[in-house]
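Peer 1: Data: work_30.txt, compact mmCIF, C-alpha atoms.
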# COMPACT_ATOMS: atom_id res chain seq x y z
CA MET A 1 228.40 -205.11 -96.83
CA LYS A 2 230.33 -203.46 -99.59
CA TYR A 3 231.47 -200.00 -98.59
CA ARG A 4 231.16 -197.03 -100.89
CA THR A 5 234.35 -195.42 -102.16
CA TYR A 6 235.65 -192.07 -100.93
CA HIS A 7 234.26 -190.31 -103.99
CA GLN A 8 230.92 -192.07 -103.82
CA VAL A 9 230.39 -190.51 -100.37
CA THR A 10 229.60 -187.09 -101.72
CA ASP A 11 229.31 -185.04 -98.53
CA PRO A 12 232.16 -182.56 -98.27
CA ASP A 13 235.43 -183.71 -96.72
CA HIS A 14 235.52 -181.42 -93.69
CA SER A 15 239.30 -181.67 -93.28
CA GLY A 16 239.99 -180.91 -96.92
CA LEU A 17 243.61 -181.97 -96.56
CA GLY A 18 244.10 -181.97 -100.31
CA GLU A 19 242.80 -178.42 -100.58
CA GLN A 20 245.01 -177.35 -97.66
CA VAL A 21 248.07 -178.66 -99.49
CA ALA A 22 246.91 -177.05 -102.73
CA ARG A 23 246.55 -173.72 -100.92
CA GLN A 24 250.11 -174.03 -99.63
CA ARG A 25 251.32 -174.46 -103.21
CA ARG A 26 249.31 -171.44 -104.34
CA ARG A 27 250.96 -169.33 -101.64
CA VAL A 28 254.36 -170.23 -103.08
CA ARG A 29 253.30 -169.31 -106.60
CA THR A 30 251.78 -166.01 -105.48
CA ARG A 31 254.89 -165.03 -103.53
CA LEU A 32 257.17 -165.78 -106.45
CA ASP A 33 255.04 -163.86 -108.95
CA ARG A 34 257.38 -160.87 -108.83
CA ILE A 35 260.60 -162.85 -109.15
CA ASN A 36 261.97 -163.12 -112.68
CA HIS A 37 264.24 -166.11 -112.12
CA VAL A 38 264.51 -168.75 -109.42
CA VAL A 39 267.82 -170.57 -109.82
CA ALA A 40 269.08 -173.54 -107.83
CA VAL A 41 272.76 -173.79 -106.96
CA VAL A 42 273.60 -177.48 -106.67
CA SER A 43 276.42 -179.92 -106.31
CA GLY A 44 276.58 -183.65 -105.79
CA LYS A 45 279.37 -183.28 -103.31
CA GLY A 46 279.90 -181.41 -100.06
CA GLY A 47 282.82 -179.10 -99.51
CA VAL A 48 283.08 -177.72 -103.04
CA GLY A 49 282.26 -174.17 -101.93
CA LYS A 50 278.72 -174.05 -103.21
CA SER A 51 277.56 -171.50 -100.64
CA TYR A 52 280.70 -169.45 -101.24
CA VAL A 53 279.96 -169.38 -104.97
CA THR A 54 276.29 -168.55 -104.30
CA ALA A 55 277.23 -165.62 -102.09
CA GLY A 56 279.86 -164.42 -104.53
CA LEU A 57 277.53 -164.64 -107.50
CA ALA A 58 274.76 -162.81 -105.62
CA LEU A 59 277.14 -160.00 -104.70
CA ALA A 60 278.53 -159.76 -108.22
CA LEU A 61 275.05 -159.60 -109.74
CA ALA A 62 274.03 -156.85 -107.33
CA GLU A 63 277.25 -154.84 -107.49
CA HIS A 64 278.30 -155.09 -111.11
CA HIS A 65 274.98 -155.62 -112.86
CA THR A 66 272.63 -153.71 -110.51
CA LYS A 67 270.34 -156.67 -110.10
CA ASP A 68 267.94 -157.19 -107.22
CA VAL A 69 268.99 -160.51 -105.75
CA GLY A 70 267.75 -162.82 -103.02
CA VAL A 71 269.47 -165.85 -101.53
CA LEU A 72 267.49 -168.65 -99.95
CA ASP A 73 269.82 -170.90 -97.98
CA ALA A 74 268.22 -174.34 -98.22
CA ASP A 75 271.13 -176.10 -96.54
CA PHE A 76 269.19 -176.14 -93.28
CA GLY A 77 271.72 -178.27 -91.41
CA GLY A 78 274.82 -176.35 -92.46
CA PRO A 79 273.76 -172.79 -93.23
CA THR A 80 276.58 -170.41 -94.12
CA THR A 81 275.42 -167.90 -96.73
CA ALA A 82 273.80 -165.46 -94.28
CA ARG A 83 277.12 -164.94 -92.54
CA MET A 84 279.02 -164.68 -95.81
CA LEU A 85 276.65 -161.93 -96.85
CA ASP A 86 276.67 -160.20 -93.43
CA ALA A 87 272.91 -160.64 -93.08
CA ALA A 88 271.54 -160.69 -89.54
CA GLY A 89 268.19 -160.85 -87.73
CA PRO A 90 265.87 -160.49 -86.01
CA LEU A 91 263.38 -161.15 -88.76
CA VAL A 92 260.43 -158.80 -88.70
CA VAL A 93 257.03 -160.51 -88.97
CA ASP A 94 254.55 -158.11 -90.49
CA GLY A 95 251.23 -159.11 -91.96
CA ASP A 96 251.37 -162.33 -93.92
CA ALA A 97 255.13 -162.50 -94.33
CA VAL A 98 258.53 -162.32 -92.71
CA ALA A 99 260.90 -159.68 -94.02
CA PRO A 100 264.18 -161.15 -95.26
CA ALA A 101 267.44 -160.11 -93.66
CA ILE A 102 269.39 -157.64 -95.75
CA GLY A 103 272.99 -158.44 -96.52
CA ARG A 104 275.77 -156.65 -98.36
CA GLN A 105 274.82 -154.97 -101.64
CA GLY A 106 271.19 -155.18 -100.49
CA VAL A 107 271.00 -158.93 -101.09
CA ARG A 108 267.88 -160.32 -99.39
CA VAL A 109 268.58 -163.43 -97.36
CA MET A 110 266.65 -166.19 -95.62
CA SER A 111 268.50 -168.93 -93.77
CA THR A 112 268.15 -171.20 -90.76
CA ASP A 113 271.32 -169.48 -89.56
CA LEU A 114 269.03 -166.55 -88.71
CA LEU A 115 266.76 -168.82 -86.66
CA LEU A 116 269.15 -171.01 -84.72
CA ALA A 117 271.17 -170.20 -81.63
CA GLU A 118 274.90 -169.82 -82.22
CA GLY A 119 276.43 -173.23 -82.84
CA SER A 120 273.11 -175.05 -82.43
CA PRO A 121 272.19 -177.79 -84.89
CA VAL A 122 268.74 -177.93 -86.46
CA ARG A 123 266.47 -179.71 -83.99
CA TRP A 124 262.74 -180.29 -84.17
CA SER A 125 260.35 -180.37 -81.24
CA GLY A 126 258.98 -183.85 -81.93
CA GLN A 127 261.31 -186.48 -80.55
CA GLY A 128 261.36 -190.25 -80.44
CA PRO A 129 262.57 -193.18 -82.48
CA ASP A 130 260.29 -192.42 -85.43
CA ARG A 131 261.85 -189.10 -86.32
CA PHE A 132 263.14 -190.43 -89.62
CA ALA A 133 259.52 -190.78 -90.77
CA TRP A 134 258.66 -187.09 -90.66
CA ARG A 135 261.96 -185.20 -90.67
CA GLY A 136 262.13 -185.08 -94.46
CA THR A 137 258.56 -183.80 -94.62
CA LEU A 138 259.39 -181.03 -92.15
CA GLU A 139 262.43 -180.03 -94.17
CA ALA A 140 260.36 -179.87 -97.35
CA GLY A 141 257.83 -177.78 -95.42
CA THR A 142 260.60 -175.47 -94.27
CA LEU A 143 261.67 -174.96 -97.88
CA ARG A 144 258.05 -174.23 -98.78
CA GLU A 145 257.73 -171.61 -96.04
CA PHE A 146 261.08 -170.01 -96.96
CA LEU A 147 259.66 -169.59 -100.47
CA ALA A 148 256.10 -168.62 -99.61
CA ASP A 149 256.32 -166.74 -96.32
CA VAL A 150 259.27 -164.44 -96.91
CA ALA A 151 258.50 -160.98 -98.32
CA TRP A 152 261.01 -161.35 -101.14
CA GLY A 153 259.43 -158.54 -103.13
CA ALA A 154 260.41 -157.95 -106.74
CA LEU A 155 263.67 -159.67 -107.61
CA ASP A 156 265.65 -160.25 -110.76
CA VAL A 157 267.07 -163.48 -109.35
CA LEU A 158 266.35 -165.63 -106.31
CA MET A 159 269.22 -168.06 -105.82
CA VAL A 160 268.46 -171.19 -103.82
CA ASP A 161 271.56 -172.65 -102.24
CA LEU A 162 270.84 -176.38 -101.92
CA PRO A 163 272.62 -178.96 -99.76
CA PRO A 164 274.68 -181.66 -101.49
CA GLY A 165 272.62 -184.30 -103.27
CA ALA A 166 269.47 -184.22 -105.33
CA VAL A 167 266.54 -184.65 -102.93
CA ARG A 168 266.07 -180.99 -102.04
CA LEU A 169 266.32 -180.05 -105.74
CA GLU A 170 263.38 -182.34 -106.48
CA ASP A 171 261.40 -180.68 -103.66
CA LEU A 172 262.26 -177.27 -105.08
CA ALA A 173 261.22 -178.29 -108.58
CA GLU A 174 257.85 -179.42 -107.23
CA PHE A 175 257.24 -176.16 -105.37
CA VAL A 176 258.52 -174.00 -108.23
CA PRO A 177 257.43 -175.48 -111.57
CA THR A 178 258.80 -172.36 -113.24
CA LEU A 179 262.31 -172.93 -111.89
CA SER A 180 264.69 -171.28 -114.35
CA GLY A 181 267.28 -173.98 -113.86
CA ALA A 182 270.30 -175.07 -111.88
CA VAL A 183 273.88 -173.88 -111.76
CA VAL A 184 276.28 -176.64 -110.81
CA VAL A 185 279.37 -176.15 -108.68
CA THR A 186 282.33 -178.54 -108.74
CA ILE A 187 285.99 -178.59 -107.86
CA PRO A 188 288.50 -179.82 -110.47
CA SER A 189 289.04 -183.33 -109.06
CA ASP A 190 287.77 -186.47 -110.75
CA GLU A 191 286.05 -187.55 -107.51
CA SER A 192 284.05 -184.36 -107.60
CA ARG A 193 283.27 -184.82 -111.29
CA ARG A 194 281.71 -188.22 -110.69
CA ALA A 195 279.63 -187.05 -107.73
CA VAL A 196 278.48 -183.89 -109.46
CA ALA A 197 277.60 -185.81 -112.63
CA ARG A 198 275.14 -187.87 -110.58
CA ALA A 199 273.48 -184.71 -109.31
CA MET A 200 273.30 -183.34 -112.85
CA ARG A 201 271.60 -186.52 -114.09
CA SER A 202 269.13 -186.25 -111.21
CA ALA A 203 268.42 -182.67 -112.16
CA ALA A 204 267.83 -183.68 -115.76
CA GLU A 205 265.52 -186.51 -114.66
CA ALA A 206 263.56 -183.97 -112.60
CA SER A 207 263.27 -181.84 -115.76
CA VAL A 208 265.34 -179.06 -114.22
CA PRO A 209 267.28 -177.23 -116.95
CA LEU A 210 271.03 -177.23 -116.39
CA LEU A 211 272.29 -173.69 -116.94
CA GLY A 212 276.03 -174.14 -116.56
CA VAL A 213 278.96 -175.23 -114.45
CA ILE A 214 281.17 -173.17 -112.17
CA GLU A 215 284.49 -174.69 -111.18
CA ASN A 216 285.65 -173.61 -107.75
CA MET A 217 289.09 -174.01 -106.14
CA CYS A 218 290.77 -174.26 -109.51
CA GLY A 219 294.06 -173.22 -107.97
CA ILE A 220 295.60 -170.73 -105.62
CA ALA A 221 295.96 -167.26 -107.05
CA CYS A 222 298.87 -165.07 -106.08
CA ASP A 223 297.51 -161.90 -104.49
CA THR A 224 300.09 -159.82 -106.30
CA CYS A 225 300.47 -161.18 -109.85
CA ARG A 226 297.27 -163.34 -109.94
CA ALA A 227 299.25 -166.30 -111.31
CA ARG A 228 297.48 -169.57 -110.54
CA ILE A 229 299.09 -172.52 -108.83
CA PRO A 230 297.11 -175.76 -109.38
CA LEU A 231 295.53 -177.22 -106.27
CA PHE A 232 293.72 -180.34 -107.50
CA SER A 233 294.49 -182.52 -110.48
CA GLY A 234 291.65 -182.88 -112.96
CA GLU A 235 289.46 -180.64 -115.03
CA ALA A 236 285.99 -181.53 -113.80
CA GLY A 237 284.44 -178.21 -114.75
CA GLN A 238 285.20 -178.45 -118.46
CA ARG A 239 284.51 -182.19 -118.64
CA LEU A 240 281.08 -181.83 -117.00
CA ALA A 241 280.23 -178.90 -119.23
CA THR A 242 281.11 -180.91 -122.31
CA GLU A 243 279.39 -184.09 -121.17
CA PHE A 244 276.10 -182.30 -120.41
CA GLY A 245 276.30 -179.77 -123.21
CA VAL A 246 276.24 -176.70 -120.98
CA PRO A 247 278.68 -173.79 -120.73
CA LEU A 248 281.48 -173.54 -118.20
CA LEU A 249 280.50 -170.23 -116.67
CA GLY A 250 283.79 -169.66 -114.93
CA SER A 251 286.64 -171.00 -112.87
CA ILE A 252 287.38 -169.57 -109.46
CA PRO A 253 290.74 -169.81 -107.71
CA PHE A 254 291.38 -169.38 -104.03
CA LEU A 255 291.70 -165.67 -103.37
CA SER A 256 291.94 -163.58 -100.28
CA GLY A 257 289.05 -161.17 -99.98
CA GLY A 258 286.09 -163.53 -99.64
CA PRO A 259 283.24 -164.32 -102.04
CA SER A 260 282.90 -160.83 -103.45
CA ALA A 261 286.48 -160.99 -104.71
CA ALA A 262 286.13 -164.54 -106.02
CA VAL A 263 283.22 -164.08 -108.41
CA GLY A 264 283.87 -161.21 -110.72
CA PRO A 265 281.61 -159.40 -113.19
CA GLU A 266 282.53 -161.78 -116.02
CA ILE A 267 281.14 -164.86 -114.31
CA ALA A 268 278.05 -162.91 -113.29
CA LYS A 269 277.65 -161.78 -116.92
CA ALA A 270 278.00 -165.37 -118.18
CA PHE A 271 275.37 -166.42 -115.64
CA LEU A 272 272.94 -163.72 -116.80
CA GLU A 273 273.42 -164.81 -120.41
CA VAL A 274 272.30 -168.38 -119.74
CA LEU A 275 269.10 -167.40 -117.93
CA PRO A 276 266.06 -168.32 -120.03
CA MET B 277 239.57 -188.68 -95.01
CA LYS B 278 235.90 -189.52 -94.43
CA PHE B 279 234.24 -191.65 -91.79
CA LEU B 280 231.04 -193.51 -92.50
CA CYS B 281 228.35 -194.65 -90.05
CA ILE B 282 227.83 -198.20 -91.24
CA ASP B 283 224.35 -198.58 -89.76
CA CYS B 284 223.01 -195.34 -91.26
CA ASP B 285 225.29 -195.30 -94.32
CA VAL B 286 225.91 -191.58 -93.86
CA GLN B 287 229.10 -189.66 -93.38
CA LEU B 288 230.13 -188.78 -89.82
CA GLN B 289 230.54 -185.08 -89.13
CA PHE B 290 233.66 -183.64 -87.53
CA GLU B 291 233.01 -182.36 -83.99
CA ASP B 292 236.25 -181.36 -82.31
CA ARG B 293 239.91 -182.24 -81.81
CA GLN B 294 242.17 -182.46 -78.82
CA VAL B 295 245.74 -183.27 -77.88
CA PRO B 296 245.05 -185.26 -74.71
CA GLY B 297 248.68 -186.07 -73.97
CA ASP B 298 251.69 -188.29 -74.84
CA GLY B 299 251.65 -186.95 -78.39
CA THR B 300 248.24 -188.42 -79.17
CA PHE B 301 245.95 -186.47 -81.47
CA ALA B 302 242.22 -187.07 -81.06
CA ALA B 303 239.50 -186.04 -83.49
CA ALA B 304 235.84 -186.68 -82.63
CA TYR B 305 233.15 -187.40 -85.21
CA ALA B 306 229.41 -187.98 -84.87
CA CYS B 307 226.69 -189.44 -87.06
CA PRO B 308 224.16 -186.72 -87.87
CA GLN B 309 221.42 -189.33 -88.13
CA CYS B 310 221.78 -191.69 -85.14
CA GLY B 311 224.14 -189.56 -83.03
CA HIS B 312 226.73 -192.31 -82.73
CA ARG B 313 230.09 -190.74 -81.80
CA VAL B 314 233.60 -192.01 -82.39
CA ALA B 315 237.06 -190.64 -81.68
CA MET B 316 239.98 -191.20 -83.99
CA LEU B 317 243.23 -191.48 -82.04
CA ALA B 318 246.49 -190.92 -83.88
CA ASN B 319 249.70 -192.15 -82.28
CA PRO B 320 252.60 -189.71 -81.79
CA MET B 321 254.28 -190.63 -85.07
CA GLU B 322 251.05 -190.22 -87.04
CA THR B 323 250.37 -186.93 -85.24
CA GLN B 324 253.83 -185.68 -86.10
CA MET B 325 253.44 -186.76 -89.72
CA VAL B 326 250.29 -184.67 -90.07
CA GLU B 327 251.89 -181.69 -88.32
CA ALA B 328 254.92 -181.97 -90.60
CA LEU B 329 252.63 -181.50 -93.60
CA GLY B 330 251.35 -178.24 -92.13
CA VAL B 331 247.72 -179.33 -92.44
CA GLU B 332 244.96 -179.69 -89.86
CA ILE B 333 242.56 -182.59 -89.55
CA GLY B 334 239.07 -181.16 -89.29
CA GLY B 335 240.05 -178.18 -91.42
CA ARG B 336 241.85 -174.95 -90.64
CA THR B 337 240.35 -172.59 -88.11
CA LEU B 338 242.90 -169.84 -88.68
CA ALA B 339 244.49 -168.39 -91.77
CA GLU B 340 248.08 -169.48 -92.34
CA ARG B 341 250.61 -167.58 -90.24
CA PRO B 342 253.97 -166.80 -91.79
CA MET B 343 256.52 -169.48 -90.94
CA GLU B 344 254.06 -171.31 -88.73
CA LEU B 345 255.41 -174.76 -89.54
CA VAL B 346 258.96 -173.69 -88.76
CA ARG B 347 257.98 -171.79 -85.63
CA LEU B 348 255.83 -174.58 -84.23
CA ASN B 349 258.36 -177.31 -84.88
CA MET B 350 261.91 -175.98 -84.93
CA LEU B 351 263.81 -175.35 -81.73
CA GLY B 352 265.05 -171.89 -82.60
CA ARG B 353 266.71 -168.97 -80.88
CA GLU B 354 264.72 -166.65 -78.62
CA ASP B 355 265.29 -163.45 -80.56
CA ALA B 356 264.86 -164.83 -84.09
CA PHE B 357 261.59 -163.00 -84.81
CA ASP B 358 260.27 -159.52 -84.15
CA ASP B 359 256.48 -159.84 -84.25
CA ARG B 360 254.86 -156.54 -85.10
CA PRO B 361 251.28 -155.85 -83.98
CA PRO B 362 248.74 -156.25 -86.78
CA ALA B 363 248.28 -153.03 -88.75
CA HIS B 364 244.54 -153.44 -89.23
CA ALA B 365 243.20 -154.86 -85.96
CA LYS B 366 239.41 -154.87 -85.91
CA GLY B 367 239.15 -153.33 -82.46
CA PRO B 368 241.20 -151.83 -79.64
CA SER B 369 243.96 -154.09 -78.37
CA ALA B 370 243.14 -156.02 -75.23
CA ARG B 371 245.32 -155.85 -72.13
CA TRP B 372 246.89 -158.99 -70.72
CA SER B 373 246.21 -160.07 -67.15
CA VAL B 374 249.20 -160.99 -65.03
CA ALA B 375 248.10 -164.62 -64.98
CA ALA B 376 247.68 -164.70 -68.76
CA GLU B 377 251.12 -163.15 -69.27
CA ALA B 378 252.59 -165.72 -66.92
CA ARG B 379 250.94 -168.52 -68.85
CA LEU B 380 252.23 -167.13 -72.10
CA THR B 381 255.79 -167.40 -70.83
CA ARG B 382 255.37 -171.18 -70.88
CA VAL B 383 255.16 -171.01 -74.68
CA PRO B 384 258.63 -171.38 -76.28
CA SER B 385 259.93 -167.92 -77.10
CA PHE B 386 260.62 -168.88 -80.73
CA VAL B 387 256.86 -169.09 -81.34
CA ARG B 388 255.56 -166.91 -78.51
CA GLY B 389 255.08 -163.78 -80.58
CA MET B 390 252.94 -165.64 -83.09
CA VAL B 391 250.80 -167.24 -80.38
CA LYS B 392 250.37 -163.93 -78.56
CA ARG B 393 249.19 -162.31 -81.74
CA ILE B 394 246.60 -165.04 -82.32
CA TYR B 395 245.13 -164.51 -78.85
CA ALA B 396 245.21 -160.73 -79.29
CA GLU B 397 243.34 -160.93 -82.59
CA TYR B 398 240.80 -163.31 -81.05
CA ALA B 399 240.14 -160.84 -78.23
CA SER B 400 240.05 -157.85 -80.53
CA GLU B 401 237.55 -159.42 -82.91
CA ARG B 402 235.21 -160.22 -80.00
CA GLY B 403 235.56 -156.93 -78.12
CA ILE B 404 237.26 -158.61 -75.17
CA GLU B 405 239.08 -156.00 -73.08
CA GLU B 406 241.26 -158.27 -70.97
CA ILE B 407 242.94 -161.53 -71.93
CA THR B 408 242.84 -163.93 -69.02
CA PRO B 409 243.65 -167.65 -68.78
CA ALA B 410 239.91 -168.30 -69.21
CA VAL B 411 239.88 -166.31 -72.44
CA MET B 412 242.94 -168.25 -73.60
CA ASP B 413 241.16 -171.54 -72.88
CA LYS B 414 238.08 -170.38 -74.77
CA ALA B 415 240.21 -169.26 -77.70
CA ARG B 416 242.01 -172.58 -77.78
CA SER B 417 238.71 -174.38 -77.85
CA ASP B 418 237.08 -172.09 -80.40
CA LEU B 419 240.07 -171.93 -82.70
CA GLY B 420 241.42 -175.43 -82.21
CA LEU B 421 244.81 -174.23 -81.01
CA GLU B 422 246.04 -177.60 -79.89
CA GLY B 423 249.56 -177.47 -78.61
CA MET B 424 249.62 -173.66 -78.20
Starting from the file, lay out its structure as structure tokens.

Peer 2:
Amino acid sequence: MKYRTYHQVTDPDHSGLGEQVARQRRRVRTRLDRINHVVAVVSGKGGVGKSYVTAGLALALAEHHTKDVGVLDADFGGPTTARMLDAAGPLVVDGDAVAPAIGRQGVRVMSTDLLLAEGSPVRWSGQGPDRFAWRGTLEAGTLREFLADVAWGALDVLMVDLPPGAVRLEDLAEFVPTLSGAVVVTIPSDESRRAVARAMRSAAEASVPLLGVIENMCGIACDTCRARIPLFSGEAGQRLATEFGVPLLGSIPFLSGGPSAAVGPEIAKAFLEVLP
Amino acid sequence: MKFLCIDCDVQLQFEDRQVPGDGTFAAAYACPQCGHRVAMLANPMETQMVEALGVEIGGRTLAERPMELVRLNMLGREDAFDDRPPAHAKGPSARWSVAAEARLTRVPSFVRGMVKRIYAEYASERGIEEITPAVMDKARSDLGLEGM
């Protein structure tokens, strides 16, 4: 006997798994309707201060340019931006959404840091030797729910702080086809340049527009005279900007005073100018 | 996913689903013509894969709840969420029996508020005045709340 194909059996598919997934995607689009720009903050390398730059940029946009800003911390395993922005829970569930935590300068924040016990790693309820098979799917689903189920409201910019590497950026680009682009963070070293260049190529292959480069840790700045003492050899920021034909949005030295002191109004202004 | 009765050459209809234990997911189907019934058993990894997608075999019985995938799967802190009662409940809110409250405490606190709200809405929509373990069982069956 030759079986009929799925589509030849014309009775409705009661599970409708495809439609369930399509509805999930529609929820994301509906939630983001009132957000002018969704911007990914990426790096190919850990430890370059990506979350620090994200927090600083969010604060600078809100404080110096009166923008309504949200930060979605998509580094589920190493969340830090909520604390940098002084955002705390509990998260109020009301109706079809969860209200974001409110940080300094009114920045709206969602992060696994608000969900996990102090010092606890991300752990999922399903255990066993096959965890590798579904963990990535759960993480993509978490990103989807952080986009779709948080009452972000009307925002000028939603910044998505991504973990090192390119996988989560590809997930984000699938969920948000209207992604405005990605800002890339590097440190000056040549090792960082090579790793970040890989991430930038991945972004380009995923058709994510590259908006610009921010170079972090470009030296230690004297608190008094602001003179800079080099910290790393190399000029990765400028070289990456040139290689990929995007602007160097700014260079940030080590400063006391945290992220709000690090990213000033000029870098925030340069960032606003490259938004499509 | 469709199942076909080979003898009748008609599509089997979904009947119900269960989580009978050890991470197995079971979905039962029956032939509308000859009545032949089969159960599809998914192993724990397959079950987890489907859960990770945030979809339900047999179709959804409840509208999506905010953060339901995260709350049902992540091991989060007790006080992460503050679940507010629904603003537009269809009827008066039901009271909880002592036994039902006790049973609810077995649900992980990270997701408890969401689960409690589902039962409360179920009772409210049906004019049930008191939520008891029997009502919870009926709701689980009616709504397909496997694992809650």

Peer 1: Could you state the separation of atom CA of Thr381 of chain B and atom CA of Val92 of chain A in Å, given to one decimal place?

Peer 2: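 Between atom CA of Thr381 of chain B and atom CA of Val92 of chain A the gap is 20.4 Å.
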
Peer 1: Counting all atoms listed in the file, which residues of chain B sit at most 7 Å from some atom of chain A, and what is each one's closest atom pair with its distance in Å to one decimal, listed by chain and rising residue number, as CSV?

Peer 2:
residue,atom,partner,partner_atom,distance
B:Met277,CA,A:Asp13,CA,6.7
B:Lys278,CA,A:Asp13,CA,6.3
B:Gln287,CA,A:Asp11,CA,6.9
B:Phe290,CA,A:His14,CA,6.8
B:Met321,CA,A:Asp130,CA,6.3
B:Gln324,CA,A:Trp134,CA,6.8
B:Met325,CA,A:Trp134,CA,5.3
B:Ala328,CA,A:Leu138,CA,4.8
B:Leu329,CA,A:Thr137,CA,6.4
B:Val331,CA,A:Gln20,CA,6.2
B:Glu332,CA,A:Ser15,CA,6.9
B:Ile333,CA,A:Ser15,CA,5.0
B:Gly334,CA,A:Ser15,CA,4.0
B:Gly335,CA,A:Ser15,CA,4.0
B:Arg341,CA,A:Asp96,CA,6.5
B:Pro342,CA,A:Asp149,CA,5.1
B:Met343,CA,A:Glu145,CA,5.7
B:Val346,CA,A:Thr142,CA,6.0
B:Asn349,CA,A:Ser125,CA,5.2
B:Met350,CA,A:Trp124,CA,4.5
B:Leu351,CA,A:Arg123,CA,5.6
B:Gly352,CA,A:Leu116,CA,4.7
B:Arg353,CA,A:Ala117,CA,4.7
B:Asp355,CA,A:Pro90,CA,6.2
B:Ala356,CA,A:Pro90,CA,4.9
B:Phe357,CA,A:Leu91,CA,4.7
B:Asp358,CA,A:Val92,CA,4.6
B:Asp359,CA,A:Val93,CA,4.8
B:Arg360,CA,A:Asp94,CA,5.6
B:Pro362,CA,A:Gly95,CA,6.4

Peer 1: For C-alpha atoms, I'd like the residues from the last selection saved as a compact mmCIF listing (two decimals), in the frame of the given file.

Peer 2:
# COMPACT_ATOMS: atom_id res chain seq x y z
CA MET B 277 239.57 -188.68 -95.01
CA LYS B 278 235.90 -189.52 -94.43
CA GLN B 287 229.10 -189.66 -93.38
CA PHE B 290 233.66 -183.64 -87.53
CA MET B 321 254.28 -190.63 -85.07
CA GLN B 324 253.83 -185.68 -86.10
CA MET B 325 253.44 -186.76 -89.72
CA ALA B 328 254.92 -181.97 -90.60
CA LEU B 329 252.63 -181.50 -93.60
CA VAL B 331 247.72 -179.33 -92.44
CA GLU B 332 244.96 -179.69 -89.86
CA ILE B 333 242.56 -182.59 -89.55
CA GLY B 334 239.07 -181.16 -89.29
CA GLY B 335 240.05 -178.18 -91.42
CA ARG B 341 250.61 -167.58 -90.24
CA PRO B 342 253.97 -166.80 -91.79
CA MET B 343 256.52 -169.48 -90.94
CA VAL B 346 258.96 -173.69 -88.76
CA ASN B 349 258.36 -177.31 -84.88
CA MET B 350 261.91 -175.98 -84.93
CA LEU B 351 263.81 -175.35 -81.73
CA GLY B 352 265.05 -171.89 -82.60
CA ARG B 353 266.71 -168.97 -80.88
CA ASP B 355 265.29 -163.45 -80.56
CA ALA B 356 264.86 -164.83 -84.09
CA PHE B 357 261.59 -163.00 -84.81
CA ASP B 358 260.27 -159.52 -84.15
CA ASP B 359 256.48 -159.84 -84.25
CA ARG B 360 254.86 -156.54 -85.10
CA PRO B 362 248.74 -156.25 -86.78

Peer 1: Any idea what the distance is between atom CA of Leu380 of chain B and atom CA of Ser417 of chain B?

Peer 2: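 Rounded to one decimal, the two atoms are 16.4 Å apart.
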
Peer 1: Quick one: everything within 8 Å of Tyr52 of chain A, counting all atoms listed in the file, minus sequence neighbours fewer than 4 positions away in the same chain. Send it as a VMD selection string.

Peer 2: chain A and resid 56 81 84 259

Peer 1: Listed atoms of segment 104-112 of chain A, axis-aligned box, 8 Å per side: centre and edge lengths to one decimal in Å, as JSON?

Peer 2:
{"center_x": 271.2, "center_y": -163.1, "center_z": -96.2, "size_x": 25.1, "size_y": 32.2, "size_z": 26.9}

Peer 1: As an exercise, work out the distance from atom CA of Val263 of chain A to atom CA of Ala166 of chain A in Å and give it to one decimal place.

Peer 2: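 We find that atom CA of Val263 of chain A and atom CA of Ala166 of chain A lie 24.6 Å from each other.
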
Peer 1: Select, from B:Met390, B:Val295, B:Cys310, B:Ala304, the residue with the minimum atom-to-atom distance to Glu344 of chain B, counting only C-alpha atoms.

Peer 2: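 Of the candidates, the smallest distance to Glu344 of chain B is held by B:Met390.
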
Peer 1: Please determine, counting all atoms listed in the file, which residue among A:Val69, A:Gly237, A:Ser256, A:Pro209 has the shortest atom-to-atom distance to Thr224 of chain A.

Peer 2: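 Smallest separation from Thr224 of chain A among the options: A:Ser256.
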
Peer 1: Which residue is closest to Cys284 of chain B? Choose from B:Leu345, B:Cys307, B:Val374, B:Val383 and count only C-alpha atoms.

Peer 2: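 Under the stated criterion, the closest residue is B:Cys307.
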
Peer 1: Of the candidates B:Pro384, B:Ala399, B:Glu406, B:Ala339, which shows the shortest atom-to-atom distance to Trp372 of chain B, using only C-alpha atoms?

Peer 2: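 Nearest candidate to Trp372 of chain B out of B:Pro384, B:Ala399, B:Glu406, B:Ala339: B:Glu406.
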
Peer 1: Residues within 10 Å of Gly70 of chain A, please, as a PyMOL selection string. Count all atoms listed in the file; anything in the same chain fewer than 3 positions from it doesn't count.

Peer 2: chain A and resi 35+38+55+58-59+62+67+73+100-103+106-110+152-160
